[in-house]
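Enquirer: Quick one: the structure is below, questions incoming.
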Amino acid sequence: MTDEHYLERQLAIAARPETVFAFFEDDGLWASWWGAGSRIEPRVGGALLIRHPNGVEVVGQVTAVDPPRSIEFTYGYASGAPIAPGGSRVRIELQPEPAGTRLRLRHSFGDPEALDLHVQGWRFQLSLFANRVADRVAAGAADAVDGWFGAWAEPDPAARTAAFARVAAPGVSFRDRFSRLDGMADLLRHVEAAQRFMPGMRLARRGEVRHCQGTLVADWTASGPDGAERGRGTNVFQLDADGRFEAVVGLWEA
């Protein structure tokens, strides 16, 4: 096999390389983006199996591995078609970036027709992979969202600062119809003023948190000190590579 025919694809993932690479080291994580029963041995000479939900199986062998930077493996179909076992090679590289990780994939083929068959497959599979990684980063999303809403009503300044620091990045931005804030210090001063002018106001999550590719959506209700509802809306949270909120937008219902 030569490298004459190959496809390349890259994408940004809001997670650290160590988090991303874990999906090449653990059978359960590997299977989460390929299909039940898929497995991998993350060592040179280790076997891998991809079992797609439709029953099609891909087999291969790890030829190079450098955690958490890169992995390379052969790729062929158990049936022998359209690629025989060992008949193509996949290399995946992970490069750290300020926002997380840049993934670069190169799949080399001996047959240009086989290449054409895999362009859309990798587009789909890597999109699914990115969301599985994002799910892992956002594993505590509901607790984080509740922590954000709770911090707005925390009366003690030190406790309020600590509550926001647990769930939000230092440079967090916040936007709603009354706010355009940048950075934790700006947010804290705004919340202090909100408590002064709207004493006893509390925010509470309504329903489940929805998540896709590092973006969370959560509905909320605002209640006064008497418990009566004063407003409701939806927040959109953007996660950073460490699972903290880096941007929040609040949408009030009319």
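Chain labels A, B, ... are given in the sequence in which chains occur in the structure tokens; within each chain residues are numbered consecutively from 1, and ligands are likewise numbered from 1 in the order shown.
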Name the residues in contact with region 122-137 of chain A at a cut-off of 10 Å, using only C-alpha atoms, excluding same-chain residues fewer than 2 positions from it; report them as JSON, numbers by chain.
Expert: {"A": [7, 8, 9, 10, 11, 12, 13, 14, 15, 16, 19, 20, 21, 22, 23, 29, 30, 32, 33, 34, 103, 105, 107, 117, 118, 119, 120, 139, 140, 141, 211, 212, 213, 214, 215, 239, 240, 241, 242, 243, 244]}
Enquirer: Take the selection from the previous step and output its residues with C-alpha atoms, as a short mmCIF file (atom, residue, chain, number, x, y, z; two decimals), in the first residue's frame.
Expert:
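Saved the output as selection37.cif:
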data_model
loop_
_atom_site.label_atom_id
_atom_site.label_comp_id
_atom_site.auth_asym_id
_atom_site.auth_seq_id
_atom_site.Cartn_x
_atom_site.Cartn_y
_atom_site.Cartn_z
CA LEU A 7 -8.24 11.84 2.62
CA GLU A 8 -7.61 14.36 5.37
CA ARG A 9 -9.97 15.91 7.84
CA GLN A 10 -9.54 18.10 10.89
CA LEU A 11 -11.77 19.57 13.55
CA ALA A 12 -11.54 21.50 16.79
CA ILE A 13 -12.74 19.81 19.99
CA ALA A 14 -13.33 21.76 23.21
CA ALA A 15 -11.47 19.29 25.42
CA ARG A 16 -7.87 18.73 26.51
CA THR A 19 -9.50 13.77 27.50
CA VAL A 20 -9.70 13.23 23.74
CA PHE A 21 -7.01 10.53 23.67
CA ALA A 22 -8.83 8.50 26.33
CA PHE A 23 -11.23 7.45 23.56
CA LEU A 29 -15.08 4.92 25.09
CA TRP A 30 -13.89 3.50 21.76
CA SER A 32 -19.19 4.79 22.28
CA TRP A 33 -18.42 6.39 18.90
CA TRP A 34 -18.21 3.25 16.76
CA LEU A 103 -7.68 16.74 15.70
CA LEU A 105 -6.96 12.65 10.55
CA HIS A 107 -6.55 7.94 5.95
CA LEU A 117 -16.42 5.55 -0.14
CA HIS A 118 -15.01 6.88 3.15
CA VAL A 119 -15.23 10.67 2.77
CA GLN A 120 -18.75 10.99 4.16
CA ALA A 139 -20.81 15.00 32.47
CA GLY A 140 -21.70 17.28 35.43
CA ALA A 141 -23.67 19.78 33.37
CA HIS A 211 -26.45 19.38 25.47
CA CYS A 212 -24.80 19.14 22.06
CA GLN A 213 -21.16 19.67 21.07
CA GLY A 214 -20.27 21.74 24.14
CA THR A 215 -23.38 23.93 24.17
CA LEU A 239 -18.32 25.17 27.76
CA ASP A 240 -14.56 25.59 27.62
CA ALA A 241 -12.06 22.73 27.35
CA ASP A 242 -12.24 22.12 31.11
CA GLY A 243 -16.04 21.96 31.25
CA ARG A 244 -16.47 25.46 32.71
#
Enquirer: Would you compute the distance between CA of Gln61 (chain A) and CA of Glu41 (chain A)? Give it in Å to one decimal.
Expert: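 For CA of Gln61 (chain A) relative to CA of Glu41 (chain A), the distance reads 8.5 Å.
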Enquirer: Find the residues around Arg202 (chain A) up to 9 Å (only C-alpha atoms counted), leave out those fewer than 3 positions away in its own chain, and share them as an NGL selection string.
Expert: :A and (149-150 or 152-153 or 199 or 221-225 or 227)
Enquirer: Okay, now the selection with C-alpha atoms, as a PDB file, in the first residue's frame?
Expert:
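That gives us out_14.pdb:
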ATOM      1  CA  PHE A 149     -28.338  29.786  39.108  1.00  0.00           C
ATOM      2  CA  GLY A 150     -27.788  29.313  42.835  1.00  0.00           C
ATOM      3  CA  TRP A 152     -27.046  34.571  41.745  1.00  0.00           C
ATOM      4  CA  ALA A 153     -28.942  34.366  45.046  1.00  0.00           C
ATOM      5  CA  PRO A 199     -33.657  41.410  47.008  1.00  0.00           C
ATOM      6  CA  THR A 221     -37.826  30.429  36.405  1.00  0.00           C
ATOM      7  CA  ALA A 222     -37.231  33.618  38.429  1.00  0.00           C
ATOM      8  CA  SER A 223     -39.146  33.877  41.709  1.00  0.00           C
ATOM      9  CA  GLY A 224     -39.482  36.708  44.224  1.00  0.00           C
ATOM     10  CA  PRO A 225     -39.052  36.448  48.016  1.00  0.00           C
ATOM     11  CA  GLY A 227     -42.221  32.549  45.964  1.00  0.00           C
TER      12      GLY A 227
END
Enquirer: Point out the residue among A:Leu188, A:Val236, A:Val58, A:Ala142 with the least atom-to-atom distance to Ala158 (chain A), counting only C-alpha atoms.
Expert: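 When distances to Ala158 (chain A) are compared using only C-alpha atoms, the smallest one comes from A:Leu188.
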Enquirer: Could you check how far CA of Gly60 (chain A) sits from CA of Ser79 (chain A), in Å to one decimal?
Expert: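 Between CA of Gly60 (chain A) and CA of Ser79 (chain A) the gap is 12.6 Å.
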Enquirer: Find the spatial neighbours of Ile50 (chain A), counting only C-alpha atoms, within a cut-off of 9 Å - ignore same-chain residues fewer than 4 positions away - and output them as a VMD selection string.
Expert: chain A and resid 30 to 31 34 to 40 56 to 60
Enquirer: Now that the selection is made, can you save its residues with C-alpha atoms as a compact mmCIF listing (two decimals), in the first residue's frame?
Expert:
# COMPACT_ATOMS: atom_id res chain seq x y z
CA TRP A 30 -13.89 3.50 21.76
CA ALA A 31 -17.20 1.66 21.35
CA TRP A 34 -18.21 3.25 16.76
CA GLY A 35 -20.70 0.72 18.04
CA ALA A 36 -21.29 -1.85 20.76
CA GLY A 37 -18.65 -4.58 20.79
CA SER A 38 -15.92 -2.40 19.28
CA ARG A 39 -12.59 -2.66 21.10
CA ILE A 40 -8.98 -1.52 20.93
CA VAL A 56 -20.22 -4.41 9.31
CA GLU A 57 -16.84 -5.06 10.97
CA VAL A 58 -13.52 -3.31 10.45
CA VAL A 59 -10.34 -4.88 11.80
CA GLY A 60 -6.88 -3.42 12.26
Enquirer: Compile the contact shell of Asp182 (chain A) as a tab-separated table (two decimals) with C-alpha atoms, in the first residue's frame: residues with an atom at most 12 Å away, counting only C-alpha atoms, same-chain residues fewer than 5 positions apart removed.
Expert:
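Listed below is the output, around-v2.tsv:
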chain	number	residue	atom	x	y	z
A	168	ALA	CA	-17.33	29.48	35.24
A	169	ALA	CA	-14.03	30.46	33.63
A	170	PRO	CA	-12.29	33.66	34.79
A	171	GLY	CA	-13.06	35.33	31.46
A	172	VAL	CA	-16.71	34.29	31.37
A	173	SER	CA	-19.04	36.54	29.39
A	174	PHE	CA	-22.72	37.03	30.18
A	175	ARG	CA	-25.40	38.54	27.97
A	187	LEU	CA	-20.14	39.47	36.68
A	188	LEU	CA	-19.69	39.58	40.45
A	189	ARG	CA	-20.29	43.32	40.63
A	190	HIS	CA	-23.41	42.93	38.50
A	246	GLU	CA	-16.97	30.50	29.06
A	247	ALA	CA	-20.04	32.27	27.69
A	248	VAL	CA	-23.64	32.46	28.89
A	249	VAL	CA	-26.62	34.06	27.14
Enquirer: Nearest residue to Trp220 (chain A) out of A:Ile71, A:Met184, A:Val167, A:Val145, using only C-alpha atoms?
Expert: A:Val145
Enquirer: Using DSSP on the backbone coordinates, identify the residues of region 176-244 of chain A assigned to strand (DSSP E or B); present them as a VMD selection string.
Expert: chain A and resid 176 179 to 182 202 to 212 215 to 223 229 to 239
Enquirer: Do you know which residues are at most 9 Å from Arg206 (chain A) counting only C-alpha atoms, after dropping those on the same chain fewer than 2 positions away, and could you put them as number ranges by chain?
Expert: A: 204, 208-209, 218-221
Enquirer: Please produce a file of the residues just selected, as a PDB file, in the first residue's frame, where the atoms kept are C-alpha atoms.
Expert:
ATOM      1  CA  ALA A 204     -34.191  27.813  39.445  1.00  0.00           C
ATOM      2  CA  GLU A 208     -33.532  18.816  31.999  1.00  0.00           C
ATOM      3  CA  VAL A 209     -30.357  20.347  30.614  1.00  0.00           C
ATOM      4  CA  ALA A 218     -31.430  25.132  30.292  1.00  0.00           C
ATOM      5  CA  ASP A 219     -34.821  26.700  31.015  1.00  0.00           C
ATOM      6  CA  TRP A 220     -35.278  28.693  34.236  1.00  0.00           C
ATOM      7  CA  THR A 221     -37.826  30.429  36.405  1.00  0.00           C
TER       8      THR A 221
END
Enquirer: Mind the document's chain letters and residue numbers, and return as a list in words the residues of region 79-120 of chain A that DSSP labels alpha helix (DSSP H).
Expert: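 Here is the list: Pro112, Glu113, Ala114, Leu115, Asp116, Leu117, His118, Val119 and Gln120 of chain A.
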Enquirer: Take the residues that were just selected and, keeping C-alpha atoms, output them as a PDB file, in the first residue's frame.
Expert:
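selection21.pdb, written as the output of this step:
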ATOM      1  CA  PRO A 112      -8.936   5.765  -5.010  1.00  0.00           C
ATOM      2  CA  GLU A 113     -12.395   4.178  -5.208  1.00  0.00           C
ATOM      3  CA  ALA A 114     -12.116   3.061  -1.577  1.00  0.00           C
ATOM      4  CA  LEU A 115     -11.161   6.625  -0.652  1.00  0.00           C
ATOM      5  CA  ASP A 116     -14.355   8.009  -2.170  1.00  0.00           C
ATOM      6  CA  LEU A 117     -16.416   5.548  -0.143  1.00  0.00           C
ATOM      7  CA  HIS A 118     -15.007   6.878   3.151  1.00  0.00           C
ATOM      8  CA  VAL A 119     -15.232  10.674   2.771  1.00  0.00           C
ATOM      9  CA  GLN A 120     -18.748  10.993   4.157  1.00  0.00           C
TER      10      GLN A 120
END
Enquirer: Between A:Ser70, A:Ser108, A:Asn235, A:Ser179, which residue has the minimum interatomic distance to Glu25 (chain A), considering only C-alpha atoms?
Expert: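 Of A:Ser70, A:Ser108, A:Asn235, A:Ser179, the one nearest Glu25 (chain A) is A:Ser70, counting only C-alpha atoms.
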Enquirer: State, in Å with one decimal place, the distance from CA of Gly86 (chain A) to CA of Arg43 (chain A).
Expert: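 Atom-to-atom, CA of Gly86 (chain A) and CA of Arg43 (chain A) are spaced 16.6 Å apart.
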Enquirer: For Gly100 (chain A), which of A:Ala64, A:Pro17, A:Ala193, A:Met198 is the closest residue, counting only C-alpha atoms?
Expert: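 So, comparing all the options, the nearest one is A:Pro17.
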Enquirer: May I ask which of the residues A:Gly28, A:Thr161, A:Glu4, A:Thr234 is the closest one to Leu216 (chain A), counting only C-alpha atoms?
Expert: A:Thr234
Enquirer: Which residues come within 9 Å of Trp252 (chain A), counting only C-alpha atoms, excluding same-chain residues fewer than 3 positions away, as a list in words?
Expert: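 Final neighbour list, sorted by chain and number: Asp176, Arg177, Gly231, Arg232, Gly233, Thr234 and Asn235 of chain A.
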Enquirer: Those residues with C-alpha atoms, as a short mmCIF file (atom, residue, chain, number, x, y, z; two decimals), in the first residue's frame please?
Expert:
data_model
loop_
_atom_site.label_atom_id
_atom_site.label_comp_id
_atom_site.auth_asym_id
_atom_site.auth_seq_id
_atom_site.Cartn_x
_atom_site.Cartn_y
_atom_site.Cartn_z
CA ASP A 176 -29.11 39.07 28.51
CA ARG A 177 -31.50 41.96 27.92
CA GLY A 231 -40.22 35.71 34.97
CA ARG A 232 -38.92 32.77 33.01
CA GLY A 233 -36.58 32.11 30.16
CA THR A 234 -33.74 30.02 28.77
CA ASN A 235 -29.98 30.16 29.20
#
